[in-house]
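upload_6.txt (compact mmCIF, C-alpha atoms)
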# COMPACT_ATOMS: atom_id res chain seq x y z
CA GLY A 6 -23.36 11.15 11.00
CA GLN A 7 -23.91 9.96 14.54
CA MET A 8 -25.04 6.37 15.01
CA PRO A 9 -28.52 6.15 16.60
CA GLN A 10 -28.70 3.92 19.65
CA ILE A 11 -31.48 1.84 18.10
CA GLY A 12 -31.10 0.70 14.52
CA PHE A 13 -32.74 -1.88 12.32
CA GLY A 14 -31.08 -5.24 11.66
CA THR A 15 -31.36 -6.98 8.29
CA TRP A 16 -29.80 -10.34 9.20
CA GLY A 17 -32.31 -13.10 8.48
CA LEU A 18 -34.61 -10.97 6.30
CA GLN A 19 -35.53 -12.86 3.16
CA PRO A 20 -35.07 -10.82 -0.02
CA GLN A 21 -38.83 -10.75 -0.64
CA GLU A 22 -39.39 -9.35 2.87
CA VAL A 23 -36.90 -6.50 2.64
CA SER A 24 -38.94 -3.79 0.91
CA THR A 25 -41.92 -4.06 3.25
CA ALA A 26 -39.70 -4.29 6.36
CA ILE A 27 -37.41 -1.37 5.44
CA ARG A 28 -40.36 0.86 4.51
CA ALA A 29 -42.06 0.01 7.81
CA ALA A 30 -38.81 0.70 9.69
CA VAL A 31 -38.30 4.12 8.08
CA ALA A 32 -41.97 4.99 8.74
CA ALA A 33 -41.52 3.98 12.40
CA GLY A 34 -38.50 6.28 12.76
CA TYR A 35 -35.48 4.02 12.24
CA ARG A 36 -32.59 5.72 10.49
CA SER A 37 -29.76 3.24 11.16
CA PHE A 38 -29.58 0.04 9.09
CA ASP A 39 -27.18 -2.83 9.77
CA CYS A 40 -26.26 -4.77 6.62
CA ALA A 41 -23.70 -7.28 5.36
CA PRO A 42 -22.98 -9.16 2.14
CA VAL A 43 -23.34 -12.52 3.89
CA TYR A 44 -26.98 -11.65 4.69
CA GLN A 45 -27.60 -11.91 0.93
CA ASN A 46 -30.03 -9.01 0.84
CA GLU A 47 -27.91 -5.84 0.48
CA ARG A 48 -29.18 -5.28 -3.06
CA GLN A 49 -32.81 -5.27 -1.90
CA VAL A 50 -31.95 -2.98 1.04
CA GLY A 51 -30.23 -0.57 -1.34
CA GLU A 52 -33.12 -0.59 -3.80
CA THR A 53 -35.62 0.20 -1.04
CA LEU A 54 -33.59 2.95 0.63
CA SER A 55 -32.81 4.48 -2.77
CA ALA A 56 -36.51 4.50 -3.63
CA LEU A 57 -37.39 6.13 -0.30
CA ILE A 58 -34.79 8.83 -0.93
CA ALA A 59 -36.16 9.42 -4.43
CA GLU A 60 -39.69 9.68 -3.00
CA GLY A 61 -38.55 12.34 -0.55
CA VAL A 62 -39.36 10.22 2.50
CA VAL A 63 -35.81 10.39 3.85
CA THR A 64 -32.45 11.85 2.82
CA ARG A 65 -29.13 10.02 2.63
CA SER A 66 -27.64 12.33 5.25
CA GLU A 67 -30.32 11.18 7.71
CA LEU A 68 -29.33 7.54 7.29
CA PHE A 69 -26.58 5.61 9.04
CA ILE A 70 -25.71 2.57 6.93
CA THR A 71 -23.44 -0.21 8.17
CA SER A 72 -21.86 -2.95 6.06
CA LYS A 73 -19.18 -5.54 6.73
CA VAL A 74 -16.29 -7.21 4.99
CA PRO A 75 -16.96 -10.99 4.81
CA PRO A 76 -14.35 -13.45 6.07
CA ALA A 77 -13.76 -14.72 2.52
CA ASP A 78 -12.68 -11.19 1.53
CA ALA A 79 -10.71 -10.32 4.66
CA CYS A 80 -7.47 -12.00 3.62
CA SER A 81 -6.23 -9.52 1.03
CA ARG A 82 -6.42 -5.81 0.28
CA HIS A 83 -7.65 -6.46 -3.24
CA ARG A 84 -10.59 -8.61 -2.12
CA THR A 85 -11.54 -6.22 0.69
CA GLU A 86 -11.56 -3.25 -1.68
CA ARG A 87 -13.63 -5.25 -4.16
CA ALA A 88 -16.08 -6.29 -1.43
CA LEU A 89 -16.59 -2.67 -0.40
CA ARG A 90 -17.19 -1.60 -4.01
CA GLN A 91 -19.79 -4.34 -4.37
CA SER A 92 -21.54 -3.30 -1.16
CA LEU A 93 -21.59 0.36 -2.24
CA HIS A 94 -23.05 -0.70 -5.58
CA ASP A 95 -25.68 -2.94 -3.99
CA LEU A 96 -26.62 -0.39 -1.32
CA ARG A 97 -26.72 2.39 -3.95
CA THR A 98 -24.62 4.77 -1.92
CA GLY A 99 -21.28 6.49 -2.36
CA TYR A 100 -20.15 5.67 1.17
CA VAL A 101 -21.02 3.61 4.22
CA ASP A 102 -21.21 5.27 7.60
CA LEU A 103 -19.68 2.22 9.30
CA TYR A 104 -17.64 -0.67 7.89
CA LEU A 105 -16.95 -3.63 10.16
CA ILE A 106 -14.60 -6.59 9.89
CA HIS A 107 -17.32 -9.22 10.22
CA TRP A 108 -15.10 -11.82 11.96
CA PRO A 109 -11.53 -11.41 13.26
CA PHE A 110 -10.35 -14.22 11.02
CA CYS A 111 -10.68 -15.14 7.36
CA VAL A 112 -11.44 -18.13 5.19
CA ARG A 113 -10.12 -19.19 1.82
CA SER A 114 -12.02 -17.62 -1.06
CA PRO A 115 -14.23 -20.06 -2.95
CA GLU A 116 -13.36 -21.02 -6.49
CA PRO A 117 -15.70 -19.51 -9.10
CA GLY A 118 -18.76 -21.67 -9.54
CA ARG A 119 -17.87 -23.93 -6.64
CA PRO A 120 -20.76 -24.42 -4.16
CA ARG A 121 -19.93 -23.46 -0.58
CA PRO A 122 -20.83 -26.17 1.93
CA TRP A 123 -21.71 -25.43 5.54
CA PRO A 124 -19.92 -25.87 7.82
CA LEU A 125 -16.88 -24.93 5.81
CA PRO A 126 -14.25 -27.65 5.33
CA LEU A 127 -11.17 -27.36 7.50
CA GLU A 128 -8.91 -26.84 4.48
CA ASP A 129 -10.76 -23.56 3.77
CA GLN A 130 -10.35 -22.24 7.34
CA LEU A 131 -7.39 -19.91 7.79
CA GLY A 132 -8.13 -19.13 11.43
CA TYR A 133 -7.42 -16.17 13.67
CA SER A 134 -4.10 -14.36 13.57
CA ALA A 135 -3.37 -11.09 15.34
CA GLU A 136 -0.96 -10.20 12.53
CA GLN A 137 -3.53 -10.91 9.82
CA LEU A 138 -6.16 -8.86 11.64
CA ARG A 139 -3.78 -5.92 11.94
CA GLU A 140 -2.96 -6.18 8.23
CA GLU A 141 -6.65 -6.23 7.34
CA TRP A 142 -7.14 -3.15 9.50
CA ARG A 143 -4.49 -1.34 7.47
CA THR A 144 -6.70 -1.90 4.44
CA ILE A 145 -9.67 -0.55 6.39
CA GLU A 146 -7.62 2.51 7.37
CA ALA A 147 -6.86 3.15 3.71
CA LEU A 148 -10.57 2.92 2.87
CA VAL A 149 -11.37 5.42 5.63
CA ALA A 150 -8.85 7.79 4.05
CA THR A 151 -10.81 7.63 0.77
CA ARG A 152 -14.02 8.68 2.61
CA ALA A 153 -15.85 5.69 1.10
CA VAL A 154 -15.88 4.48 4.73
CA ARG A 155 -16.68 7.10 7.36
CA HIS A 156 -16.16 4.98 10.50
CA ALA A 157 -14.67 1.52 11.02
CA GLY A 158 -15.01 -1.21 13.58
CA LEU A 159 -14.86 -4.89 14.46
CA ALA A 160 -17.40 -7.60 15.10
CA ASN A 161 -17.34 -10.92 16.93
CA ILE A 162 -14.11 -10.24 18.79
CA GLY A 163 -13.37 -11.17 22.39
CA GLU A 164 -11.95 -8.77 24.95
CA ARG A 165 -8.43 -10.26 25.02
CA ARG A 166 -8.09 -10.17 21.24
CA LEU A 167 -9.49 -6.64 21.22
CA ALA A 168 -7.09 -5.52 23.96
CA LYS A 169 -4.15 -6.93 21.98
CA PHE A 170 -5.40 -5.18 18.84
CA LEU A 171 -5.84 -1.83 20.62
CA ALA A 172 -2.29 -2.10 21.93
CA SER A 173 -0.93 -1.88 18.37
CA PRO A 174 1.35 1.18 18.40
CA ASP A 175 0.59 2.28 14.84
CA LEU A 176 -3.22 2.41 14.65
CA ALA A 177 -4.06 5.33 12.35
CA VAL A 178 -7.81 4.76 12.83
CA ARG A 179 -9.25 3.65 16.14
CA PRO A 180 -12.28 1.34 16.07
CA ALA A 181 -15.50 3.30 16.55
CA VAL A 182 -17.77 0.29 17.16
CA VAL A 183 -17.54 -3.33 18.27
CA GLN A 184 -20.54 -5.51 17.41
CA VAL A 185 -21.15 -8.76 19.31
CA GLU A 186 -23.90 -11.12 20.40
CA LEU A 187 -25.18 -9.46 23.58
CA HIS A 188 -28.35 -9.95 25.61
CA PRO A 189 -29.26 -10.61 29.27
CA TYR A 190 -28.00 -14.19 29.00
CA ASN A 191 -24.66 -13.07 27.47
CA GLN A 192 -23.85 -9.61 28.82
CA MET A 193 -20.20 -9.30 27.71
CA ARG A 194 -19.30 -7.23 30.77
CA ALA A 195 -15.51 -7.40 30.37
CA LEU A 196 -15.73 -6.44 26.71
CA ARG A 197 -18.11 -3.56 27.47
CA ALA A 198 -15.79 -2.26 30.16
CA LEU A 199 -12.80 -2.42 27.80
CA CYS A 200 -14.70 -0.63 25.04
CA ALA A 201 -15.91 2.05 27.45
CA SER A 202 -12.33 2.71 28.55
CA HIS A 203 -11.35 3.30 24.90
CA GLY A 204 -14.42 5.29 23.86
CA ILE A 205 -15.70 2.48 21.62
CA ALA A 206 -19.44 1.99 21.18
CA VAL A 207 -20.82 -1.54 21.61
CA THR A 208 -23.63 -2.78 19.36
CA ALA A 209 -25.63 -5.87 20.30
CA TYR A 210 -26.98 -8.37 17.84
CA SER A 211 -29.39 -11.15 18.82
CA SER A 212 -30.45 -8.83 21.64
CA LEU A 213 -33.83 -10.59 21.85
CA GLY A 214 -32.29 -14.04 22.13
CA SER A 215 -32.33 -14.69 18.37
CA PRO A 216 -35.78 -16.34 18.32
CA ALA A 217 -35.71 -16.78 14.50
CA ARG A 218 -32.24 -17.98 13.58
CA PRO A 219 -31.52 -19.01 9.98
CA ALA A 220 -31.57 -22.78 9.49
CA LYS A 221 -27.78 -23.20 9.49
CA TYR A 222 -27.62 -21.89 13.08
CA GLN A 223 -30.39 -24.12 14.37
CA VAL A 224 -29.67 -26.89 16.85
CA GLN A 225 -31.96 -28.93 19.06
CA ALA A 226 -35.01 -26.93 20.08
CA ASP A 227 -34.34 -27.50 23.76
CA ALA A 228 -30.70 -26.42 23.57
CA HIS A 229 -31.52 -22.72 23.87
CA PRO A 230 -33.37 -21.12 26.80
CA LEU A 231 -36.17 -18.76 25.81
CA LEU A 232 -34.90 -15.35 26.85
CA LEU A 233 -38.19 -13.50 26.44
CA ALA A 234 -39.99 -16.12 28.55
CA ASP A 235 -37.59 -15.77 31.49
CA PRO A 236 -39.62 -14.97 34.66
CA ALA A 237 -37.30 -12.09 35.59
CA ILE A 238 -38.03 -10.40 32.27
CA THR A 239 -41.75 -11.19 32.16
CA GLN A 240 -42.20 -9.91 35.73
CA VAL A 241 -40.62 -6.57 34.83
CA ALA A 242 -42.72 -6.45 31.66
CA THR A 243 -45.93 -7.10 33.59
CA ALA A 244 -45.07 -4.48 36.21
CA HIS A 245 -44.59 -1.84 33.51
CA GLY A 246 -47.34 -2.98 31.16
CA ALA A 247 -44.70 -3.49 28.47
CA SER A 248 -43.57 -6.31 26.19
CA ALA A 249 -40.77 -8.68 27.14
CA ALA A 250 -38.90 -7.51 24.05
CA ALA A 251 -39.06 -3.88 25.22
CA VAL A 252 -37.65 -4.94 28.60
CA ALA A 253 -34.69 -6.79 27.06
CA LEU A 254 -33.96 -3.90 24.70
CA GLY A 255 -34.54 -1.26 27.38
CA TRP A 256 -32.09 -3.00 29.72
CA ALA A 257 -29.43 -2.90 27.00
CA MET A 258 -30.10 0.77 26.31
CA ARG A 259 -29.66 1.60 29.99
CA ARG A 260 -26.39 -0.28 29.96
CA GLY A 261 -25.16 1.97 27.15
CA VAL A 262 -25.43 -0.61 24.37
CA ALA A 263 -26.60 0.15 20.82
CA LEU A 264 -29.21 -2.17 19.33
CA ILE A 265 -30.18 -3.51 15.91
CA PRO A 266 -33.33 -5.63 16.44
CA LYS A 267 -34.81 -7.26 13.34
CA SER A 268 -38.38 -8.12 12.51
CA ALA A 269 -40.38 -8.65 9.35
CA HIS A 270 -43.64 -7.71 11.11
CA ARG A 271 -44.81 -4.09 10.92
CA GLU A 272 -46.22 -3.99 14.46
CA ARG A 273 -43.08 -5.43 16.05
CA ILE A 274 -40.84 -3.17 14.00
CA ALA A 275 -42.67 -0.15 15.40
CA SER A 276 -42.94 -1.44 18.98
CA ASN A 277 -39.27 -2.44 19.17
CA LEU A 278 -38.42 1.24 18.69
CA ALA A 279 -41.28 3.18 20.31
CA GLY A 280 -41.89 0.72 23.13
CA THR A 281 -38.22 0.53 24.05
CA LEU A 282 -37.70 4.30 23.98
CA ALA A 283 -40.78 4.73 26.21
CA LEU A 284 -39.83 2.00 28.69
CA ALA A 285 -36.07 2.38 29.09
CA PRO A 286 -36.09 5.57 31.24
CA SER A 287 -38.60 4.06 33.69
CA LEU A 288 -36.69 0.87 34.46
CA SER A 289 -35.74 0.99 38.14
CA PRO A 290 -32.40 -0.02 39.68
CA GLY A 291 -34.18 -3.12 40.96
CA ASP A 292 -35.44 -3.96 37.46
CA LEU A 293 -31.96 -3.58 36.02
CA ALA A 294 -30.35 -5.62 38.81
CA ALA A 295 -32.85 -8.45 38.27
CA ILE A 296 -31.89 -8.60 34.60
CA ASP A 297 -28.18 -8.24 35.37
CA ALA A 298 -28.50 -11.41 37.45
CA LEU A 299 -29.52 -13.44 34.37
CA GLU A 300 -25.95 -13.64 33.02
CA ARG A 301 -25.05 -17.20 32.04
CA GLY A 302 -22.62 -16.78 29.15
CA HIS A 303 -25.07 -18.35 26.70
CA HIS A 304 -24.40 -17.97 22.97
CA TYR A 305 -27.41 -18.45 20.73
CA LEU A 306 -25.11 -18.49 17.71
CA ALA A 307 -22.73 -21.13 19.04
CA ALA A 308 -23.54 -23.50 16.16
CA GLY A 309 -22.75 -20.77 13.66
CA TRP A 310 -19.43 -20.00 15.33
CA ARG A 311 -18.41 -23.67 15.24
CA GLY A 312 -18.91 -23.57 11.48
CA TYR A 313 -15.75 -21.43 11.37
CA ALA A 314 -13.58 -23.77 13.48
CA TRP A 315 -10.09 -24.06 12.02
CA LYS A 316 -8.98 -26.98 14.21
CA ARG A 317 -10.68 -30.27 15.02
CA GLY A 318 -12.30 -30.34 18.43
CA GLN A 319 -11.95 -26.59 18.86
CA SER A 320 -13.96 -25.23 21.77
CA LEU A 321 -16.32 -22.31 21.48
CA GLN A 322 -14.09 -20.28 23.79
CA GLU A 323 -11.07 -20.87 21.52
CA LEU A 324 -13.10 -19.52 18.61
CA LEU A 325 -14.37 -16.51 20.54
CA ASP A 326 -11.18 -15.30 22.17
CA ASP A 327 -7.61 -15.99 23.21
CA ALA A 328 -7.08 -18.04 26.34
CA PRO A 329 -6.43 -16.08 29.53
CA PRO A 330 -2.78 -15.99 30.62
CA PRO A 331 -1.83 -18.79 33.04
CA LEU A 332 -1.69 -17.93 36.71
CA PRO A 333 1.80 -17.82 38.24
CA PRO A 334 2.69 -20.68 40.60
CA VAL A 335 1.79 -20.02 44.21
CA GLY A 336 4.30 -20.87 46.93
CA LEU A 337 3.36 -22.35 50.30
CA GLY A 338 3.63 -19.03 52.13
CA ALA A 339 1.42 -17.26 49.61
CA ALA A 340 -1.09 -20.10 49.76
CA LEU A 341 -1.33 -19.87 53.55
CA LEU A 342 -1.74 -16.09 53.32
CA LEU A 343 -4.52 -16.51 50.75
CA LEU A 344 -6.27 -19.06 52.99
CA ALA A 345 -6.08 -16.66 55.94
CA CYS A 346 -7.50 -13.84 53.83
CA CYS A 347 -10.38 -16.05 52.69
CA CYS A 348 -11.20 -16.98 56.29
CA ALA A 349 -11.11 -13.33 57.31
CA LEU A 350 -13.38 -12.44 54.41
CA VAL A 351 -15.96 -15.03 55.45
CA VAL A 352 -15.99 -13.66 59.00
CA CYS A 353 -16.23 -10.10 57.70
CA LYS A 354 -19.18 -10.97 55.47
CA ALA A 355 -20.99 -12.63 58.36
CA ARG A 356 -20.58 -9.51 60.50
CA ARG A 357 -21.73 -7.21 57.73
CA HIS A 358 -24.96 -9.06 56.99
CA ALA A 359 -26.82 -5.74 56.89
CA VAL A 360 -25.30 -4.98 53.48
CA SER A 361 -27.80 -6.40 51.01
CA ARG A 362 -26.88 -8.34 47.92
CA ASP A 363 -28.50 -5.66 45.79
CA ALA A 364 -26.31 -2.96 47.30
CA ALA A 365 -23.17 -5.03 46.77
CA HIS A 366 -24.15 -5.74 43.17
CA GLU A 367 -24.68 -2.02 42.59
CA VAL A 368 -21.17 -1.23 43.83
CA VAL A 369 -19.64 -3.84 41.55
CA ARG A 370 -21.70 -2.64 38.61
CA ARG A 371 -20.61 0.98 39.07
CA LEU A 372 -16.96 -0.04 39.24
CA SER A 373 -17.33 -2.24 36.16
CA PHE A 374 -19.14 0.26 33.97
CA GLY A 375 -17.47 3.51 34.85
CA GLY A 376 -20.32 4.93 36.86
CA MET A 377 -22.92 4.50 34.11
CA PRO A 378 -26.27 5.76 35.48
CA PRO A 379 -28.64 2.98 36.56

Final C-alpha cells representation of the file:
Amino acid sequence: GQMPQIGFGTWGLQPQEVSTAIRAAVAAGYRSFDCAPVYQNERQVGETLSALIAEGVVTRSELFITSKVPPADACSRHRTERALRQSLHDLRTGYVDLYLIHWPFCVRSPEPGRPRPWPLPLEDQLGYSAEQLREEWRTIEALVATRAVRHAGLANIGERRLAKFLASPDLAVRPAVVQVELHPYNQMRALRALCASHGIAVTAYSSLGSPARPAKYQVQADAHPLLLADPAITQVATAHGASAAAVALGWAMRRGVALIPKSAHRERIASNLAGTLALAPSLSPGDLAAIDALERGHHYLAAGWRGYAWKRGQSLQELLDDAPPPLPPVGLGAALLLLACCCALVVCKARRHAVSRDAAHEVVRRLSFGGMPP
C-alpha cells in the first residue's frame, strides 16, 4: 500500500506501554507503524495489531508496517534473512510494507549468551563500506523478489553516501524511502533535494526534538536546545492557537517530509495527528520561512551515533557521511577574479537593498526543493 505521510513511531515505547499506545494510535486514525528489532518491542506491536485485526477494528491491507535490519544482522545474507523471518514472526504478518537497512554499516554479531555493552567495543565495529552496503542491498533485493518485503529503503545515511549508492549501475530495486533524524534544527536540505530528484520519500524521526530519548542516548541536560520551546516555533503556535508540536510537524509536512512521531500518552497521540493535519495547510510562507531559519545542524542522537564509531576519535561527521571532495587548487589569476567577483557582489547587494531577505530565501528554497509549494 501507499505510505501515509504521518505514521506512528514505536522507538522508545516500553513493552508494557505498547498495547495502550498502539490501540490509541489506531483509534486516532494512524495506519502506518514504524518498528525495528532494536526497539525491543516488535513482539508486543505484533500482538496488539493482530488483536485489532481479529477484533475487526482494522484490516492488514489498511496497515503500512515498517521494520529494519539491525546492524548486527547486516553483514551476511543468512543473518539478514533470519532477521526478517524473526520480525515477520514477531509482528505476526506475512510481509512488511517497508524494510530499511537501519544503519549503512554493520557490527560483529554477538556471541550467544554474551552481554552486549554500550557503546560497543571497537573490535566489534566493522564500519561503513560502500561495497558492503551494496552487497547488503542485493540481499534486500532478493527479499523484495519474494514479496515478503514490498518496499525497501535506507536509514541514517548521508547525502554523499546515498549519491554514491544510487550511482550503482546494477540496482534492481531503487530505494523507496530514506529515514533520518530531521527537524527544524537539522533540516537535511541537501539530502532532501537529492531524494526528491530520485523520487525517494524522506521520513523524519525525532521530528519533535527527541524530548524523551532512551537512557543510552542521554548526555548533559544542557547539551541539547529545546526545540519545542524555541521562540520562533512558540510564536507561530500562539498565532494559530496550536501546539508547538503541531507547528514542528506541520512544517515538516509542508516540506514534503513523512513523519513518525511517538508518544505513550493518548491525548498527544491523537493531537499529533489531528492537530498537525489541521494546522499544516494554514501555515503561511512567513511561518515556514521563520522555521526554515532555525537550521543549525544539531543532532539530538549524536551520543547514540558515537556508540557506533569504528575508529578512535572519529568525528560525528565521519560517522554520518563521507567527507566532501577537496577543492582544486586556485591559481593567482583565479583568486584575483574571485576577489573581483566578491567585490562586485557586495556592491550589487547594496544597490538592490529593496529585495528583502524573505524574498531571497524564498528563491533559494524553491531552487533547492524543486518548486515545492510553500

So the first atom is CA of Asp39 in chain A and the second is CA of Pro286 in chain A; what is the distance between them in Å, to one decimal place? 24.7 Å

Would you pick out the contacts of range 303-313 of chain A at 8 Å or less, using all atoms listed in the file, so that residues sharing its chain but fewer than 2 positions from it are not included, and give the list as a list in words? Trp123, Pro124, Leu125, Gln130, Gly132, Glu186, Tyr190, Asn191, Ser211, Gly214, Ser215, Lys221, Tyr222, Gln223, Val224, His229, Glu300, Arg301, Trp315, Gln319, Leu321 and Leu324 of chain A

Could those residues be written to a file, using C-alpha atoms, as an mmCIF file, keeping the file's coordinate frame?
data_model
loop_
_atom_site.group_PDB
_atom_site.id
_atom_site.type_symbol
_atom_site.label_atom_id
_atom_site.label_comp_id
_atom_site.auth_asym_id
_atom_site.auth_seq_id
_atom_site.Cartn_x
_atom_site.Cartn_y
_atom_site.Cartn_z
ATOM 1 C CA TRP A 123 -21.710 -25.430 5.540
ATOM 2 C CA PRO A 124 -19.920 -25.870 7.820
ATOM 3 C CA LEU A 125 -16.880 -24.930 5.810
ATOM 4 C CA GLN A 130 -10.350 -22.240 7.340
ATOM 5 C CA GLY A 132 -8.130 -19.130 11.430
ATOM 6 C CA GLU A 186 -23.900 -11.120 20.400
ATOM 7 C CA TYR A 190 -28.000 -14.190 29.000
ATOM 8 C CA ASN A 191 -24.660 -13.070 27.470
ATOM 9 C CA SER A 211 -29.390 -11.150 18.820
ATOM 10 C CA GLY A 214 -32.290 -14.040 22.130
ATOM 11 C CA SER A 215 -32.330 -14.690 18.370
ATOM 12 C CA LYS A 221 -27.780 -23.200 9.490
ATOM 13 C CA TYR A 222 -27.620 -21.890 13.080
ATOM 14 C CA GLN A 223 -30.390 -24.120 14.370
ATOM 15 C CA VAL A 224 -29.670 -26.890 16.850
ATOM 16 C CA HIS A 229 -31.520 -22.720 23.870
ATOM 17 C CA GLU A 300 -25.950 -13.640 33.020
ATOM 18 C CA ARG A 301 -25.050 -17.200 32.040
ATOM 19 C CA TRP A 315 -10.090 -24.060 12.020
ATOM 20 C CA GLN A 319 -11.950 -26.590 18.860
ATOM 21 C CA LEU A 321 -16.320 -22.310 21.480
ATOM 22 C CA LEU A 324 -13.100 -19.520 18.610
#

Protein and nucleic acid residues near (-26.0, -5.5, -0.1) (cut-off 10 Å, all atoms listed in the file) as number ranges by chain: A: 40-52, 72-73, 89, 91-97

Separation of CA of Pro126 in chain A and CA of Ser114 in chain A, in Å? 12.1 Å

I'd like to know which of A:Val31, A:Ile265, A:Leu131, A:Val185 is closest to Asp78 in chain A, using only C-alpha atoms.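 Under the stated criterion, the closest residue is A:Leu131.
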
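What separates CA of His245 in chain A from CA of Leu233 in chain A is a distance of 15.1 Å.
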
Nearest to Arg121 in chain A, chosen from A:Ala294, A:Leu68, A:Ala201, A:Ala77, with all atoms listed in the file counted in the distances: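 Smallest distance to Arg121 in chain A is found for A:Ala77.
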
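Candidate residues A:Pro9, A:Gly163, A:Pro174, A:Pro109 were compared for distance to Pro329 in chain A, and the nearest is A:Gly163, using all atoms listed in the file.
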
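Considering the residues A:Val63, A:Leu54, A:Leu232, A:Leu293 and counting all atoms listed in the file, Ala26 in chain A has its shortest atom-to-atom contact with A:Leu54.
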
Write out as a PDB file with C-alpha atoms, keeping the file's coordinate frame each polymer residue whose atoms come within 10 Å of Gly158 in chain A, counting all atoms listed in the file; drop sequence neighbours fewer than 2 positions from it.
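Output saved as around.pdb:
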ATOM      1  CA  LYS A  73     -19.180  -5.540   6.730  1.00  0.00           C
ATOM      2  CA  LEU A 103     -19.680   2.220   9.300  1.00  0.00           C
ATOM      3  CA  TYR A 104     -17.640  -0.670   7.890  1.00  0.00           C
ATOM      4  CA  LEU A 105     -16.950  -3.630  10.160  1.00  0.00           C
ATOM      5  CA  ILE A 106     -14.600  -6.590   9.890  1.00  0.00           C
ATOM      6  CA  HIS A 107     -17.320  -9.220  10.220  1.00  0.00           C
ATOM      7  CA  TRP A 142      -7.140  -3.150   9.500  1.00  0.00           C
ATOM      8  CA  ILE A 145      -9.670  -0.550   6.390  1.00  0.00           C
ATOM      9  CA  HIS A 156     -16.160   4.980  10.500  1.00  0.00           C
ATOM     10  CA  ALA A 160     -17.400  -7.600  15.100  1.00  0.00           C
ATOM     11  CA  VAL A 178      -7.810   4.760  12.830  1.00  0.00           C
ATOM     12  CA  ARG A 179      -9.250   3.650  16.140  1.00  0.00           C
ATOM     13  CA  PRO A 180     -12.280   1.340  16.070  1.00  0.00           C
ATOM     14  CA  ALA A 181     -15.500   3.300  16.550  1.00  0.00           C
ATOM     15  CA  VAL A 182     -17.770   0.290  17.160  1.00  0.00           C
ATOM     16  CA  VAL A 183     -17.540  -3.330  18.270  1.00  0.00           C
ATOM     17  CA  GLN A 184     -20.540  -5.510  17.410  1.00  0.00           C
ATOM     18  CA  ILE A 205     -15.700   2.480  21.620  1.00  0.00           C
ATOM     19  CA  ALA A 206     -19.440   1.990  21.180  1.00  0.00           C
ATOM     20  CA  VAL A 207     -20.820  -1.540  21.610  1.00  0.00           C
TER      21      VAL A 207
END

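Among the candidates A:Gln137, A:Thr15, A:Ser289, A:Ser24, the residue lying nearest to Ser81 in chain A is A:Gln137 (atoms considered: all atoms listed in the file).
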
So which residues are close to (-19.9, 12.8, 14.0), meaning at most 10 Å away in the file's coordinates with all atoms listed in the file counted, and can you show them as a list in words? Gly6, Gln7, Met8, Asp102, Arg155 and His156 of chain A

Output C-alpha atoms for every residue in the selection just made, as a PDB file, in the frame of the given file.
ATOM      1  CA  GLY A   6     -23.360  11.150  11.000  1.00  0.00           C
ATOM      2  CA  GLN A   7     -23.910   9.960  14.540  1.00  0.00           C
ATOM      3  CA  MET A   8     -25.040   6.370  15.010  1.00  0.00           C
ATOM      4  CA  ASP A 102     -21.210   5.270   7.600  1.00  0.00           C
ATOM      5  CA  ARG A 155     -16.680   7.100   7.360  1.00  0.00           C
ATOM      6  CA  HIS A 156     -16.160   4.980  10.500  1.00  0.00           C
TER       7      HIS A 156
END

Between A:Ala56, A:Ala249, A:Ala269, A:Leu176, single out the one closest to Pro20 in chain A, counting only C-alpha atoms. A:Ala269

Ser268 in chain A surroundings by only C-alpha atoms, 9 Å radius, close-in-sequence under 5 positions cut, as a ChimeraX atom specification: /A:13-15,17-18,26,273-274,277

Kindly add N, CA and C atoms to the incomplete range 281-292 of chain A and provide the output as an mmCIF file, in the coordinates of the input.
data_model
loop_
_atom_site.group_PDB
_atom_site.id
_atom_site.type_symbol
_atom_site.label_atom_id
_atom_site.label_comp_id
_atom_site.auth_asym_id
_atom_site.auth_seq_id
_atom_site.Cartn_x
_atom_site.Cartn_y
_atom_site.Cartn_z
ATOM 1 N N THR A 281 -39.490 0.523 23.326
ATOM 2 C CA THR A 281 -38.220 0.530 24.050
ATOM 3 C C THR A 281 -37.861 1.943 24.507
ATOM 4 N N LEU A 282 -38.016 2.911 23.617
ATOM 5 C CA LEU A 282 -37.700 4.300 23.980
ATOM 6 C C LEU A 282 -38.598 4.784 25.114
ATOM 7 N N ALA A 283 -39.856 4.309 25.149
ATOM 8 C CA ALA A 283 -40.780 4.730 26.210
ATOM 9 C C ALA A 283 -40.449 4.040 27.535
ATOM 10 N N LEU A 284 -40.043 2.771 27.465
ATOM 11 C CA LEU A 284 -39.830 2.000 28.690
ATOM 12 C C LEU A 284 -38.480 2.255 29.338
ATOM 13 N N ALA A 285 -37.428 2.360 28.554
ATOM 14 C CA ALA A 285 -36.070 2.380 29.090
ATOM 15 C C ALA A 285 -35.869 3.364 30.240
ATOM 16 N N PRO A 286 -36.346 4.626 30.126
ATOM 17 C CA PRO A 286 -36.090 5.570 31.240
ATOM 18 C C PRO A 286 -36.780 5.184 32.542
ATOM 19 N N SER A 287 -37.834 4.373 32.469
ATOM 20 C CA SER A 287 -38.600 4.060 33.690
ATOM 21 C C SER A 287 -38.146 2.774 34.365
ATOM 22 N N LEU A 288 -37.189 2.068 33.795
ATOM 23 C CA LEU A 288 -36.690 0.870 34.460
ATOM 24 C C LEU A 288 -35.950 1.265 35.737
ATOM 25 N N SER A 289 -36.316 0.642 36.848
ATOM 26 C CA SER A 289 -35.740 0.990 38.140
ATOM 27 C C SER A 289 -34.413 0.284 38.357
ATOM 28 N N PRO A 290 -33.624 0.737 39.335
ATOM 29 C CA PRO A 290 -32.400 -0.020 39.680
ATOM 30 C C PRO A 290 -32.680 -1.471 40.002
ATOM 31 N N GLY A 291 -33.820 -1.732 40.652
ATOM 32 C CA GLY A 291 -34.180 -3.120 40.960
ATOM 33 C C GLY A 291 -34.478 -3.917 39.698
ATOM 34 N N ASP A 292 -35.172 -3.291 38.748
ATOM 35 C CA ASP A 292 -35.440 -3.960 37.460
ATOM 36 C C ASP A 292 -34.128 -4.322 36.778
#
